[in-house]
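Text of entry36.txt (compact mmCIF, C-alpha atoms) as supplied:
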```
# COMPACT_ATOMS: atom_id res chain seq x y z
CA MET U 1 56.54 237.98 65.64
CA GLU U 2 55.49 237.68 62.00
CA THR U 3 56.44 240.63 59.81
CA VAL U 4 54.31 242.31 57.15
CA LYS U 5 56.41 243.83 54.36
CA VAL U 6 55.13 247.02 52.69
CA VAL U 7 56.30 249.39 49.98
CA LEU U 8 55.36 252.98 49.26
CA LEU U 9 54.76 254.24 45.74
CA GLY U 10 55.27 257.99 46.09
CA PHE U 11 56.86 259.94 48.92
CA GLY U 12 55.05 263.26 48.89
CA THR U 13 52.55 264.43 51.49
CA VAL U 14 50.67 261.11 51.50
CA GLY U 15 53.60 258.74 51.26
CA SER U 16 55.67 260.53 53.91
CA GLY U 17 52.64 260.60 56.21
CA VAL U 18 52.26 256.81 55.94
CA TYR U 19 56.00 256.41 56.50
CA ASP U 20 55.99 258.50 59.70
CA SER U 21 52.91 256.74 61.05
CA ILE U 22 54.26 253.23 60.50
CA LEU U 23 57.85 253.81 61.58
CA HIS U 24 57.38 256.40 64.30
CA THR U 25 54.10 257.63 65.74
CA HIS U 26 51.87 254.52 65.57
CA GLN U 27 54.18 251.56 65.15
CA GLU U 28 53.53 250.06 68.58
CA LYS U 29 49.75 250.48 68.36
CA LEU U 30 49.68 248.97 64.87
CA GLU U 31 51.61 245.90 66.02
CA LYS U 32 49.27 245.36 68.96
CA VAL U 33 46.15 245.63 66.77
CA ILE U 34 47.21 243.19 64.04
CA GLY U 35 49.66 241.08 66.03
CA LYS U 36 52.38 241.55 63.43
CA LYS U 37 55.34 243.83 62.87
CA VAL U 38 54.98 246.18 59.89
CA GLU U 39 58.20 246.87 58.00
CA ILE U 40 58.70 249.31 55.12
CA VAL U 41 61.09 247.63 52.68
CA GLY U 42 60.93 249.93 49.66
CA ILE U 43 59.95 253.43 48.53
CA LEU U 44 59.46 254.50 44.92
CA VAL U 45 60.33 258.19 44.54
CA LYS U 46 60.04 260.58 41.61
CA THR U 47 63.51 262.10 41.92
CA GLU U 48 66.69 261.02 43.66
CA LYS U 49 67.87 263.15 46.57
CA ASP U 50 69.20 262.69 50.07
CA ARG U 51 66.22 261.93 52.33
CA GLN U 52 68.18 260.48 55.27
CA LEU U 53 66.10 257.30 55.40
CA PRO U 54 67.18 254.02 57.02
CA GLU U 55 69.67 252.00 54.94
CA ASN U 56 67.53 248.85 55.09
CA ILE U 57 64.83 250.58 52.99
CA ILE U 58 65.32 250.51 49.21
CA VAL U 59 64.69 254.04 47.91
CA THR U 60 64.64 254.20 44.11
CA THR U 61 63.17 255.87 41.05
CA LYS U 62 62.99 252.49 39.26
CA ILE U 63 59.88 250.33 39.70
CA GLU U 64 61.91 247.27 38.67
CA GLU U 65 63.99 247.55 41.85
CA ILE U 66 60.84 247.59 43.98
CA LEU U 67 59.38 244.59 42.12
CA ALA U 68 62.66 242.73 42.66
CA LEU U 69 62.24 242.77 46.44
CA PRO U 70 61.89 239.19 47.74
CA LYS U 71 58.67 239.75 49.67
CA ILE U 72 55.95 242.42 49.47
CA ASP U 73 52.61 242.03 51.24
CA TYR U 74 51.12 245.53 50.88
CA VAL U 75 51.56 248.41 48.45
CA PHE U 76 50.60 251.95 49.49
CA GLU U 77 49.92 253.68 46.17
CA ALA U 78 50.25 257.46 46.48
CA ILE U 79 51.03 258.52 42.93
CA VAL U 80 49.17 261.34 41.19
CA GLY U 81 47.40 260.60 37.91
CA ILE U 82 46.27 257.53 36.02
CA GLU U 83 49.60 256.36 34.66
CA PRO U 84 51.90 254.84 35.71
CA ALA U 85 49.70 254.14 38.77
CA TYR U 86 47.27 251.95 36.78
CA SER U 87 50.02 249.75 35.36
CA TYR U 88 51.84 249.54 38.69
CA THR U 89 48.65 248.52 40.50
CA GLN U 90 48.11 245.66 38.08
CA LEU U 91 51.75 244.56 38.39
CA PHE U 92 51.56 244.32 42.17
CA LEU U 93 48.17 242.58 42.14
CA ASP U 94 49.68 240.07 39.70
CA ARG U 95 52.47 239.54 42.18
CA GLY U 96 49.97 238.77 44.94
CA CYS U 97 50.11 242.03 46.89
CA HIS U 98 47.22 243.92 48.45
CA VAL U 99 47.05 247.52 47.17
CA ILE U 100 45.93 250.49 49.26
CA SER U 101 45.43 253.60 47.13
CA ALA U 102 44.84 257.31 47.66
CA ASN U 103 44.75 258.09 43.93
CA LYS U 104 41.35 259.65 43.28
CA GLU U 105 41.90 260.31 39.56
CA LEU U 106 42.93 256.71 38.92
CA LEU U 107 40.00 255.30 40.89
CA ALA U 108 37.41 257.59 39.31
CA ASN U 109 38.56 256.53 35.85
CA ARG U 110 39.57 252.89 36.32
CA GLY U 111 38.47 251.97 39.84
CA GLU U 112 35.72 249.51 38.91
CA GLU U 113 38.01 247.73 36.48
CA LEU U 114 40.86 247.50 39.00
CA SER U 115 38.53 246.35 41.78
CA GLU U 116 37.35 243.45 39.61
CA TYR U 117 40.95 242.70 38.67
CA ALA U 118 41.93 242.53 42.34
CA LEU U 119 38.94 240.33 43.15
CA ASN U 120 39.94 237.89 40.41
CA LYS U 121 43.41 237.74 41.92
CA GLY U 122 41.98 237.14 45.39
CA LYS U 123 43.52 240.34 46.69
CA PHE U 124 42.27 243.59 48.17
CA LEU U 125 42.22 246.97 46.47
CA THR U 126 41.10 249.51 49.07
CA PHE U 127 40.92 253.29 48.77
CA GLU U 128 39.29 254.91 51.79
CA ALA U 129 41.86 257.72 51.66
CA ALA U 130 40.94 258.67 48.09
CA VAL U 131 37.56 260.23 48.87
CA ALA U 132 37.33 261.90 52.26
CA GLY U 133 40.77 261.64 53.83
CA GLY U 134 40.50 260.48 57.42
CA ILE U 135 36.69 260.20 57.41
CA PRO U 136 35.56 256.53 57.27
CA LEU U 137 33.04 257.24 54.52
CA LEU U 138 33.58 254.33 52.14
CA ARG U 139 33.57 251.76 54.92
CA THR U 140 30.31 253.22 56.21
CA ILE U 141 28.72 252.87 52.77
CA ILE U 142 30.16 249.46 51.90
CA GLN U 143 29.82 247.68 55.23
CA LEU U 144 27.22 249.51 57.28
CA LEU U 145 24.64 250.68 54.72
CA GLN U 146 24.17 247.60 52.56
CA VAL U 147 20.39 247.42 53.03
CA ASN U 148 19.74 251.14 53.44
CA GLY U 149 18.80 252.75 50.16
CA ILE U 150 20.84 255.93 49.75
CA LEU U 151 18.43 258.59 48.51
CA VAL U 152 20.75 261.60 48.47
CA LEU U 153 24.40 262.24 49.26
CA GLU U 154 25.67 265.80 49.67
CA GLY U 155 29.24 266.46 50.60
CA ILE U 156 32.00 268.97 51.07
CA LEU U 157 34.73 266.83 49.53
CA ASN U 158 37.50 269.38 49.07
CA GLY U 159 39.13 271.01 52.09
CA THR U 160 40.97 273.65 50.06
CA SER U 161 37.78 275.14 48.64
CA ASN U 162 36.03 274.97 51.99
CA TYR U 163 38.94 276.77 53.65
CA ILE U 164 38.88 279.56 51.03
CA LEU U 165 35.11 280.12 51.25
CA SER U 166 35.19 280.09 55.07
CA LYS U 167 38.11 282.53 55.16
CA MET U 168 36.49 284.88 52.63
CA ARG U 169 33.24 285.03 54.60
CA ASN U 170 34.75 285.30 58.09
CA GLU U 171 37.55 287.78 57.37
CA LYS U 172 36.07 289.66 54.38
CA LEU U 173 39.06 288.85 52.19
CA SER U 174 39.09 288.35 48.43
CA PHE U 175 39.30 284.99 46.72
CA GLY U 176 42.88 285.70 45.61
CA GLU U 177 44.04 286.64 49.10
CA CYS U 178 42.53 283.51 50.63
CA LEU U 179 43.96 281.25 47.93
CA GLN U 180 47.43 282.70 48.49
CA GLU U 181 47.16 282.09 52.24
CA ALA U 182 45.94 278.53 51.65
CA GLN U 183 49.03 277.91 49.51
CA GLN U 184 51.32 279.37 52.17
CA LEU U 185 49.79 277.09 54.80
CA GLY U 186 50.06 274.01 52.58
CA TYR U 187 46.29 273.63 52.13
CA ALA U 188 46.53 274.34 48.38
CA GLU U 189 49.02 273.18 45.77
CA ALA U 190 51.18 275.57 43.76
CA ASN U 191 48.76 274.78 40.91
CA PRO U 192 45.38 274.77 42.70
CA GLU U 193 43.25 274.25 39.58
CA SER U 194 41.96 270.80 40.53
CA ASP U 195 40.77 272.01 43.94
CA ILE U 196 39.17 275.33 43.05
CA SER U 197 37.61 274.15 39.76
CA GLY U 198 35.72 271.32 41.47
CA ARG U 199 37.61 268.61 39.56
CA ASP U 200 39.03 267.05 42.72
CA ALA U 201 35.55 266.83 44.26
CA PHE U 202 34.20 265.47 40.97
CA TYR U 203 36.65 262.54 40.94
CA LYS U 204 35.65 261.69 44.51
CA GLN U 205 31.99 261.95 43.59
CA MET U 206 32.44 259.47 40.73
CA ILE U 207 34.10 256.97 43.10
CA LEU U 208 31.09 257.31 45.41
CA SER U 209 28.68 256.84 42.52
CA SER U 210 30.37 253.56 41.62
CA LEU U 211 30.11 252.34 45.19
CA ILE U 212 26.52 253.43 45.79
CA TYR U 213 24.89 252.78 42.42
CA HIS U 214 27.37 250.40 40.74
CA GLU U 215 27.70 252.85 37.87
CA GLN U 216 28.65 256.42 37.08
CA PRO U 217 26.70 259.12 35.26
CA ASP U 218 27.84 260.37 31.87
CA TRP U 219 30.76 262.64 32.83
CA GLU U 220 29.84 265.12 30.12
CA LYS U 221 26.40 265.62 31.68
CA VAL U 222 27.65 266.34 35.21
CA GLU U 223 27.45 270.05 35.97
CA ARG U 224 30.77 271.12 37.50
CA VAL U 225 31.33 274.70 38.62
CA GLY U 226 34.28 275.86 40.70
CA ILE U 227 34.65 278.67 43.22
CA GLU U 228 36.90 280.97 41.16
CA ASP U 229 34.10 283.46 40.44
CA VAL U 230 32.67 283.65 43.97
CA ALA U 231 32.81 287.24 45.23
CA LEU U 232 32.61 288.72 48.71
CA GLU U 233 29.23 290.26 48.00
CA ASP U 234 27.80 286.83 47.17
CA LEU U 235 28.80 285.53 50.58
CA ALA U 236 27.61 288.68 52.39
CA LEU U 237 24.20 288.62 50.74
CA GLY U 238 23.91 284.92 51.48
CA GLU U 239 24.54 285.69 55.14
CA GLY U 240 21.71 288.22 54.98
CA HIS U 241 19.43 285.29 54.13
CA GLY U 242 20.93 283.14 56.88
CA LEU U 243 22.86 281.01 54.37
CA ARG U 244 26.48 279.92 53.89
CA LEU U 245 28.12 279.00 50.60
CA LYS U 246 29.83 275.59 50.24
CA LEU U 247 31.29 273.76 47.26
CA LEU U 248 28.85 270.83 47.37
CA ALA U 249 29.01 267.56 45.50
CA SER U 250 25.47 266.22 45.21
CA LEU U 251 24.56 262.70 44.16
CA LYS U 252 21.19 261.01 43.81
CA ARG U 253 19.31 258.67 41.51
CA GLY U 254 16.07 259.88 39.95
CA ASP U 255 13.71 258.65 37.28
CA GLU U 256 16.14 259.79 34.59
CA GLY U 257 19.19 258.10 36.10
CA ILE U 258 22.00 259.30 38.31
CA GLN U 259 21.99 263.05 38.91
CA ALA U 260 25.32 264.53 39.93
CA THR U 261 26.51 268.10 40.35
CA VAL U 262 29.54 269.82 41.84
CA LYS U 263 29.00 273.54 42.35
CA PRO U 264 28.87 276.35 44.92
CA THR U 265 25.62 275.87 46.81
CA PHE U 266 24.09 277.76 49.71
CA VAL U 267 23.02 275.82 52.80
CA SER U 268 20.71 276.98 55.59
CA SER U 269 21.55 276.96 59.30
CA GLU U 270 19.49 273.76 59.62
CA HIS U 271 21.68 271.94 57.10
CA PRO U 272 24.15 269.53 58.76
CA LEU U 273 27.03 271.00 56.71
CA TYR U 274 26.36 274.62 57.74
CA ASN U 275 29.04 274.57 60.47
CA VAL U 276 31.63 272.53 58.56
CA GLU U 277 34.35 275.15 58.27
CA GLY U 278 38.00 275.48 57.32
CA VAL U 279 39.75 272.48 55.78
CA ASP U 280 37.24 269.98 57.16
CA ASN U 281 35.15 267.75 54.91
CA GLY U 282 31.58 266.79 55.68
CA ILE U 283 29.14 264.34 54.13
CA VAL U 284 25.38 264.03 54.59
CA ILE U 285 23.72 260.75 53.59
CA LYS U 286 19.92 260.48 53.46
CA THR U 287 18.72 256.88 53.52
CA ASP U 288 15.37 255.14 53.37
CA LEU U 289 15.85 253.26 56.65
CA VAL U 290 18.12 254.87 59.25
CA GLY U 291 17.35 258.40 58.03
CA THR U 292 19.98 261.13 57.77
CA LEU U 293 23.60 260.51 58.72
CA MET U 294 26.47 262.96 58.85
CA LEU U 295 30.22 262.37 58.84
CA GLN U 296 32.74 265.15 59.42
CA GLY U 297 36.47 265.40 59.83
CA PRO U 298 39.79 266.26 58.21
CA GLY U 299 39.58 265.49 54.52
CA ALA U 300 43.20 266.01 53.56
CA GLY U 301 46.71 266.29 54.92
CA SER U 302 49.39 263.74 55.72
CA LYS U 303 47.92 262.54 59.01
CA ALA U 304 44.33 262.22 57.82
CA THR U 305 45.31 260.33 54.67
CA ALA U 306 47.80 258.13 56.50
CA SER U 307 45.12 257.29 59.05
CA ALA U 308 42.75 256.07 56.34
CA MET U 309 45.41 254.02 54.55
CA ILE U 310 46.72 252.34 57.70
CA GLU U 311 43.19 251.56 58.86
CA ASP U 312 42.69 249.90 55.46
CA LEU U 313 45.69 247.70 56.20
CA VAL U 314 44.22 246.78 59.58
CA GLN U 315 40.87 245.94 57.98
CA ILE U 316 42.52 243.67 55.42
CA GLU U 317 44.50 241.85 58.11
CA GLN U 318 41.36 241.30 60.15
CA GLN U 319 39.09 240.39 57.25
CA LYS U 320 41.55 237.99 55.58
CA GLN U 321 39.46 237.27 52.46
CA PRO U 322 38.27 239.87 49.92
CA LEU U 323 34.55 240.48 49.66
CA GLN U 324 33.23 238.51 46.70
CA GLN U 325 30.75 241.21 45.76
CA VAL U 326 29.18 244.06 47.70
CA HIS U 327 25.46 243.53 47.17
CA ARG U 328 24.14 246.97 48.00
CA TYR U 329 20.54 247.83 47.27
CA SER U 330 20.83 251.61 47.12
CA TYR U 331 20.59 251.55 43.35
CA GLN U 332 17.03 250.25 43.77
CA THR U 333 15.93 253.30 45.74
CA GLN U 334 12.31 254.29 45.85
CA THR U 335 11.32 257.51 44.12
CA GLN U 336 11.38 260.55 46.41
CA ASN U 337 8.12 262.33 47.02
CA LYS U 338 7.29 264.90 44.37
CA LYS U 339 7.31 267.86 46.75
CA GLU U 340 10.92 267.17 47.77
CA ALA U 341 12.07 266.23 44.27
CA ASN U 342 10.65 269.39 42.69
CA GLU U 343 11.71 271.79 45.43
CA SER U 344 14.32 274.06 43.91
CA ILE U 345 15.16 277.33 45.63
CA GLN U 346 17.87 279.58 44.28
CA LEU U 347 19.60 282.80 45.27
CA ALA U 348 20.08 285.54 42.68
CA VAL U 349 22.59 288.35 43.31
CA PHE U 350 22.32 291.69 41.48
CA PRO U 351 24.82 294.59 41.34
CA LEU U 352 22.80 297.83 41.47
CA GLN U 353 23.35 301.44 40.52
CA ASP U 354 20.91 302.67 43.14
CA LYS U 355 17.80 301.64 45.09
CA GLU U 356 15.57 302.83 42.27
CA GLU U 357 17.03 300.15 40.03
CA TRP U 358 16.09 297.59 42.67
CA LEU U 359 12.52 298.84 42.68
CA SER U 360 12.42 298.55 38.89
CA LEU U 361 13.64 294.94 39.08
CA LYS U 362 10.99 294.11 41.64
CA ALA U 363 8.31 295.63 39.42
CA ILE U 364 9.40 293.41 36.51
CA LEU U 365 9.37 290.33 38.74
CA ASN U 366 5.93 291.21 40.12
CA GLU U 367 4.64 291.34 36.55
CA ASN U 368 5.99 287.80 36.07
CA SER U 369 4.82 286.35 39.37
CA LYS U 370 3.56 283.21 37.59
CA SER U 371 7.13 282.39 36.55
CA VAL U 372 8.95 283.41 39.72
CA ASN U 373 7.96 283.27 43.37
CA ILE U 374 10.05 285.64 45.52
CA LEU U 375 10.57 284.21 49.02
CA GLN U 376 12.91 286.77 50.56
CA GLU U 377 14.94 289.80 49.53
CA VAL U 378 18.07 291.45 50.88
CA VAL U 379 19.73 294.71 49.83
CA LYS U 380 23.14 295.74 51.19
CA GLU U 381 25.77 298.38 50.62
CA LEU U 382 29.26 296.88 50.43
CA ASP U 383 32.38 299.00 49.89
CA GLY U 384 30.31 301.85 48.50
CA ARG U 385 28.32 299.69 46.07
CA ILE U 386 24.75 298.47 46.39
CA TYR U 387 23.80 294.84 45.86
CA GLY U 388 20.45 293.12 46.02
CA SER U 389 19.47 289.47 46.24
CA PHE U 390 16.34 287.33 45.97
CA LEU U 391 15.63 283.91 47.30
CA TYR U 392 13.16 282.47 44.84
CA ASP U 393 11.73 279.42 43.19
CA GLY U 394 10.63 279.30 39.58
CA GLU U 395 12.29 280.18 36.29
CA LEU U 396 14.06 283.50 36.62
CA GLU U 397 16.12 282.80 33.50
CA CYS U 398 12.93 283.03 31.41
CA ILE U 399 12.47 286.70 32.32
CA LYS U 400 14.37 289.42 30.46
CA LEU U 401 16.10 291.57 33.06
CA PRO U 402 18.15 294.72 32.38
CA VAL U 403 20.88 293.69 34.85
CA LEU U 404 23.42 290.87 34.76
CA TYR U 405 23.22 288.65 37.82
CA LYS U 406 24.56 285.46 39.41
CA ARG U 407 22.47 282.47 40.45
CA TYR U 408 23.33 279.95 43.14
CA PRO U 409 21.33 276.86 44.13
CA VAL U 410 20.19 276.37 47.72
CA SER U 411 20.29 272.86 49.15
CA PRO U 412 16.83 271.57 50.12
CA ILE U 413 18.25 269.61 53.06
CA GLY U 414 17.11 271.27 56.29
CA LEU U 415 15.46 274.09 54.37
CA LYS U 416 12.26 275.49 55.88
CA ARG U 417 10.25 277.79 53.65
CA ASP U 418 8.38 279.36 56.53
CA HIS U 419 11.64 280.97 57.66
CA PHE U 420 11.71 283.17 54.57
CA ASN U 421 9.11 285.65 55.72
CA LEU U 422 11.45 288.51 56.55
CA VAL U 423 12.56 291.23 54.17
CA ASN U 424 15.98 292.73 54.96
CA ILE U 425 16.21 296.06 53.16
CA PHE U 426 19.20 298.40 53.32
```
As structure tokens, what does this structure read like?
Amino acid sequence: METVKVVLLGFGTVGSGVYDSILHTHQEKLEKVIGKKVEIVGILVKTEKDRQLPENIIVTTKIEEILALPKIDYVFEAIVGIEPAYSYTQLFLDRGCHVISANKELLANRGEELSEYALNKGKFLTFEAAVAGGIPLLRTIIQLLQVNGILVLEGILNGTSNYILSKMRNEKLSFGECLQEAQQLGYAEANPESDISGRDAFYKQMILSSLIYHEQPDWEKVERVGIEDVALEDLALGEGHGLRLKLLASLKRGDEGIQATVKPTFVSSEHPLYNVEGVDNGIVIKTDLVGTLMLQGPGAGSKATASAMIEDLVQIEQQKQPLQQVHRYSYQTQTQNKKEANESIQLAVFPLQDKEEWLSLKAILNENSKSVNILQEVVKELDGRIYGSFLYDGELECIKLPVLYKRYPVSPIGLKRDHFNLVNIF
């Protein structure tokens, strides 16, 4: 049987997951699917230590020793950051290897350039694992939605943030407590900044923008807000309106170009992502032909990422020749109807001294009814404090209010205005 030789760049969660899948759990299935034996011949590691790996595998901290191997067919790139991953990817493409990457930061910054470089070399650069873990999102977009114009994409692209928000809401725990538990369970890194700030989701969103629209928005103009300042009362008041808070990455193309945001956003019970809980990722794609699609599954972890990377290998073996150019037509989308494009409902949360203060706020808003349309209100007492919230459309920020407050957007997907006819008063 012919043998495919592979190397791993990185041996952390991702690299070790690929290793276990190829050598142990899925070796026999993989051989049957592609008709070839898959052999790991080298592993590039960050530090030298005893890992008790087979002697026939070169394990080294030196890239030169990996490049010196007599035959390499595939490279699984699982390094964090742009360099040295960018340089290594080019080196292996020059050598005639296919590269399978899970490096979201590299691909967000240099993905288009590297994809063209690989194409010119007649080799594959694939990166399903870099965006939604085990969910076959990129393949769906690239291969199955070439004619469908993608009008809107909304996604939960970070399992750590989704786990924290779900845990806070379900168990009434603080952000800090839930973050600590996520770290203990291995869902969050020791330094969780990239996850909780929305940066991880942002990188994934930029990869998607390149695939869907063949360009990215100006990074400086993308609104990115993390979940660090989300409080229990925000989630509780949202529940009073029948809403759940998710860290949503939203992507669409309007008259003024690509519009992208990553921020905590409430979704209604009719939204497809409403029940995506825990560490799962979920993506909703609205198209101009098939309609609305939803994909859901594990977005991170060794097994999910290994699944995506090994399936990329299978796809390359079966496809044989790289796609010359993916001619998608989503970037030529028709303009959405004005009612949907202009629909913008938000949730405002107010800390209150007493119910009289709430009545005063309502009086001010009633005086400015031309600027703000109140759809629903909720007042609750939480841990001895009173909080109020409004679902509204309009320009609340134009009104001078005597109380500091938070504002959250509400996704228009699945939202039905006629459901906001109840007033839930404490």
Using CA of Asp312 in chain U and CA of Asn103 in chain U as the two end points, give the distance in Å to one decimal.
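CA of Asp312 in chain U sits 14.3 Å away from CA of Asn103 in chain U.
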Considering all atoms listed in the file, return as a PDB file with C-alpha atoms, in the frame of the given file whatever protein or nucleic-acid residues lie within 8 Å of Leu251 in chain U, sequence-local ones (same chain, fewer than 4 positions apart) excluded.
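Okay, this is what ended up in out-v8.pdb:
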```
ATOM      1  CA  VAL U 152      20.750 261.600  48.470  1.00  0.00           C
ATOM      2  CA  LEU U 153      24.400 262.240  49.260  1.00  0.00           C
ATOM      3  CA  GLU U 154      25.670 265.800  49.670  1.00  0.00           C
ATOM      4  CA  GLN U 205      31.990 261.950  43.590  1.00  0.00           C
ATOM      5  CA  SER U 209      28.680 256.840  42.520  1.00  0.00           C
ATOM      6  CA  ILE U 258      22.000 259.300  38.310  1.00  0.00           C
ATOM      7  CA  GLN U 259      21.990 263.050  38.910  1.00  0.00           C
ATOM      8  CA  ALA U 260      25.320 264.530  39.930  1.00  0.00           C
ATOM      9  CA  THR U 261      26.510 268.100  40.350  1.00  0.00           C
TER      10      THR U 261
END
```
Using all atoms listed in the file, can you tell me which of U:Leu91, U:Met206, U:Ile141, U:Ala68 comes closest to Met294 in chain U?
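The answer is U:Ile141, which sits nearest to Met294 in chain U.
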With distances taken over only C-alpha atoms, which of U:Lys46, U:Lys246, U:His98, U:Lys204 is nearest to Asn275 in chain U?
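Checking each candidate against Asn275 in chain U, we get U:Lys246 as the closest.
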Atomic separation - CA of Val41 in chain U relative to CA of Tyr19 in chain U, Å
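Separating CA of Tyr19 in chain U from CA of Val41 in chain U is a distance of 10.8 Å.
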Show which residues sit within 7 Å of Tyr408 in chain U, as an MDAnalysis selection string. Count all atoms listed in the file, and ignore same-chain residues fewer than 2 positions away.
chainID U and resid 264:266 346:348 406 410
Env of range 130-132 of chain U: 9 Å cut, atoms = all atoms listed in the file, seq-sep filter 5 positions within chain, self excluded. Answer as a CSV table (one decimal) with C-alpha atoms, in the frame of the given file.
```csv
chain,number,residue,atom,x,y,z
U,101,SER,CA,45.4,253.6,47.1
U,102,ALA,CA,44.8,257.3,47.7
U,103,ASN,CA,44.8,258.1,43.9
U,104,LYS,CA,41.4,259.6,43.3
U,105,GLU,CA,41.9,260.3,39.6
U,107,LEU,CA,40.0,255.3,40.9
U,137,LEU,CA,33.0,257.2,54.5
U,138,LEU,CA,33.6,254.3,52.1
U,156,ILE,CA,32.0,269.0,51.1
U,157,LEU,CA,34.7,266.8,49.5
U,158,ASN,CA,37.5,269.4,49.1
U,201,ALA,CA,35.6,266.8,44.3
U,203,TYR,CA,36.6,262.5,40.9
U,204,LYS,CA,35.6,261.7,44.5
U,205,GLN,CA,32.0,262.0,43.6
U,207,ILE,CA,34.1,257.0,43.1
U,208,LEU,CA,31.1,257.3,45.4
U,281,ASN,CA,35.2,267.8,54.9
U,282,GLY,CA,31.6,266.8,55.7
U,283,ILE,CA,29.1,264.3,54.1
U,297,GLY,CA,36.5,265.4,59.8
U,298,PRO,CA,39.8,266.3,58.2
U,299,GLY,CA,39.6,265.5,54.5
U,300,ALA,CA,43.2,266.0,53.6
U,304,ALA,CA,44.3,262.2,57.8
U,305,THR,CA,45.3,260.3,54.7
U,308,ALA,CA,42.8,256.1,56.3
```
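Remark: residues at most 8 Å from position (21.9, 270.4, 55.5) in file coordinates are Val267, Ser268, Ser269, Glu270, His271, Pro272, Leu273, Tyr274, Val284, Ser411, Pro412, Ile413, Gly414 and Leu415 of chain U, using only C-alpha atoms.
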Using C-alpha atoms, can you export the residues from the last selection as an mmCIF file, keeping the file's coordinate frame?
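Saved to selection21.cif:
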```
data_model
loop_
_atom_site.group_PDB
_atom_site.id
_atom_site.type_symbol
_atom_site.label_atom_id
_atom_site.label_comp_id
_atom_site.auth_asym_id
_atom_site.auth_seq_id
_atom_site.Cartn_x
_atom_site.Cartn_y
_atom_site.Cartn_z
ATOM 1 C CA VAL U 267 23.020 275.820 52.800
ATOM 2 C CA SER U 268 20.710 276.980 55.590
ATOM 3 C CA SER U 269 21.550 276.960 59.300
ATOM 4 C CA GLU U 270 19.490 273.760 59.620
ATOM 5 C CA HIS U 271 21.680 271.940 57.100
ATOM 6 C CA PRO U 272 24.150 269.530 58.760
ATOM 7 C CA LEU U 273 27.030 271.000 56.710
ATOM 8 C CA TYR U 274 26.360 274.620 57.740
ATOM 9 C CA VAL U 284 25.380 264.030 54.590
ATOM 10 C CA SER U 411 20.290 272.860 49.150
ATOM 11 C CA PRO U 412 16.830 271.570 50.120
ATOM 12 C CA ILE U 413 18.250 269.610 53.060
ATOM 13 C CA GLY U 414 17.110 271.270 56.290
ATOM 14 C CA LEU U 415 15.460 274.090 54.370
#
```
Top pick for closest residue to Leu289 in chain U, considering U:Leu173, U:Ile345, U:Leu391, U:Ile150 and counting only C-alpha atoms
U:Ile150
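The spacing separating CA of Ser344 in chain U from CA of Gly155 in chain U amounts to 18.0 Å.
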Please determine, counting all atoms listed in the file, which residue among U:Asn109, U:Ser371, U:Thr47, U:Ser307 has the shortest atom-to-atom distance to Val18 in chain U.
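Among the listed residues, U:Ser307 lies closest to Val18 in chain U.
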Between U:Leu232, U:Ile34, U:Ala118, U:Val290, which residue has the minimum interatomic distance to Leu245 in chain U, considering only C-alpha atoms?
U:Leu232
Determine the nearest neighbour of Leu106 in chain U from the options U:Glu397, U:Asn56, U:Asp200, U:Asp229, counting all atoms listed in the file.
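Selected residue with least distance to Leu106 in chain U: U:Asp200.
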Please list as an mmCIF file with C-alpha atoms, in the frame of the given file every residue within 10 Å of Leu69 in chain U, counting all atoms listed in the file and excluding residues in the same chain fewer than 3 positions away.
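Once written, part_3.cif looks like this:
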```
data_model
loop_
_atom_site.group_PDB
_atom_site.id
_atom_site.type_symbol
_atom_site.label_atom_id
_atom_site.label_comp_id
_atom_site.auth_asym_id
_atom_site.auth_seq_id
_atom_site.Cartn_x
_atom_site.Cartn_y
_atom_site.Cartn_z
ATOM 1 C CA LYS U 5 56.410 243.830 54.360
ATOM 2 C CA VAL U 7 56.300 249.390 49.980
ATOM 3 C CA VAL U 41 61.090 247.630 52.680
ATOM 4 C CA GLY U 42 60.930 249.930 49.660
ATOM 5 C CA ILE U 58 65.320 250.510 49.210
ATOM 6 C CA GLU U 64 61.910 247.270 38.670
ATOM 7 C CA GLU U 65 63.990 247.550 41.850
ATOM 8 C CA ILE U 66 60.840 247.590 43.980
ATOM 9 C CA ILE U 72 55.950 242.420 49.470
#
```
Since the input is missing atoms for range 180-185 of chain U, could you rebuild it with N, CA and C atoms and give the result as a PDB file, keeping the file's coordinate frame?
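Output file rebuild-v9.pdb is given in full below:
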```pdb
ATOM      1  N   GLN U 180      46.002 282.526  48.209  1.00  0.00           N
ATOM      2  CA  GLN U 180      47.430 282.700  48.490  1.00  0.00           C
ATOM      3  C   GLN U 180      47.763 282.218  49.902  1.00  0.00           C
ATOM      4  N   GLU U 181      46.920 282.533  50.870  1.00  0.00           N
ATOM      5  CA  GLU U 181      47.160 282.090  52.240  1.00  0.00           C
ATOM      6  C   GLU U 181      47.053 280.572  52.346  1.00  0.00           C
ATOM      7  N   ALA U 182      46.086 279.991  51.635  1.00  0.00           N
ATOM      8  CA  ALA U 182      45.940 278.530  51.650  1.00  0.00           C
ATOM      9  C   ALA U 182      47.193 277.861  51.095  1.00  0.00           C
ATOM     10  N   GLN U 183      47.794 278.454  50.073  1.00  0.00           N
ATOM     11  CA  GLN U 183      49.030 277.910  49.510  1.00  0.00           C
ATOM     12  C   GLN U 183      50.182 278.041  50.497  1.00  0.00           C
ATOM     13  N   GLN U 184      50.253 279.164  51.181  1.00  0.00           N
ATOM     14  CA  GLN U 184      51.320 279.370  52.170  1.00  0.00           C
ATOM     15  C   GLN U 184      51.224 278.379  53.325  1.00  0.00           C
ATOM     16  N   LEU U 185      49.999 278.011  53.689  1.00  0.00           N
ATOM     17  CA  LEU U 185      49.790 277.090  54.800  1.00  0.00           C
ATOM     18  C   LEU U 185      49.849 275.617  54.371  1.00  0.00           C
TER      19      LEU U 185
END
```
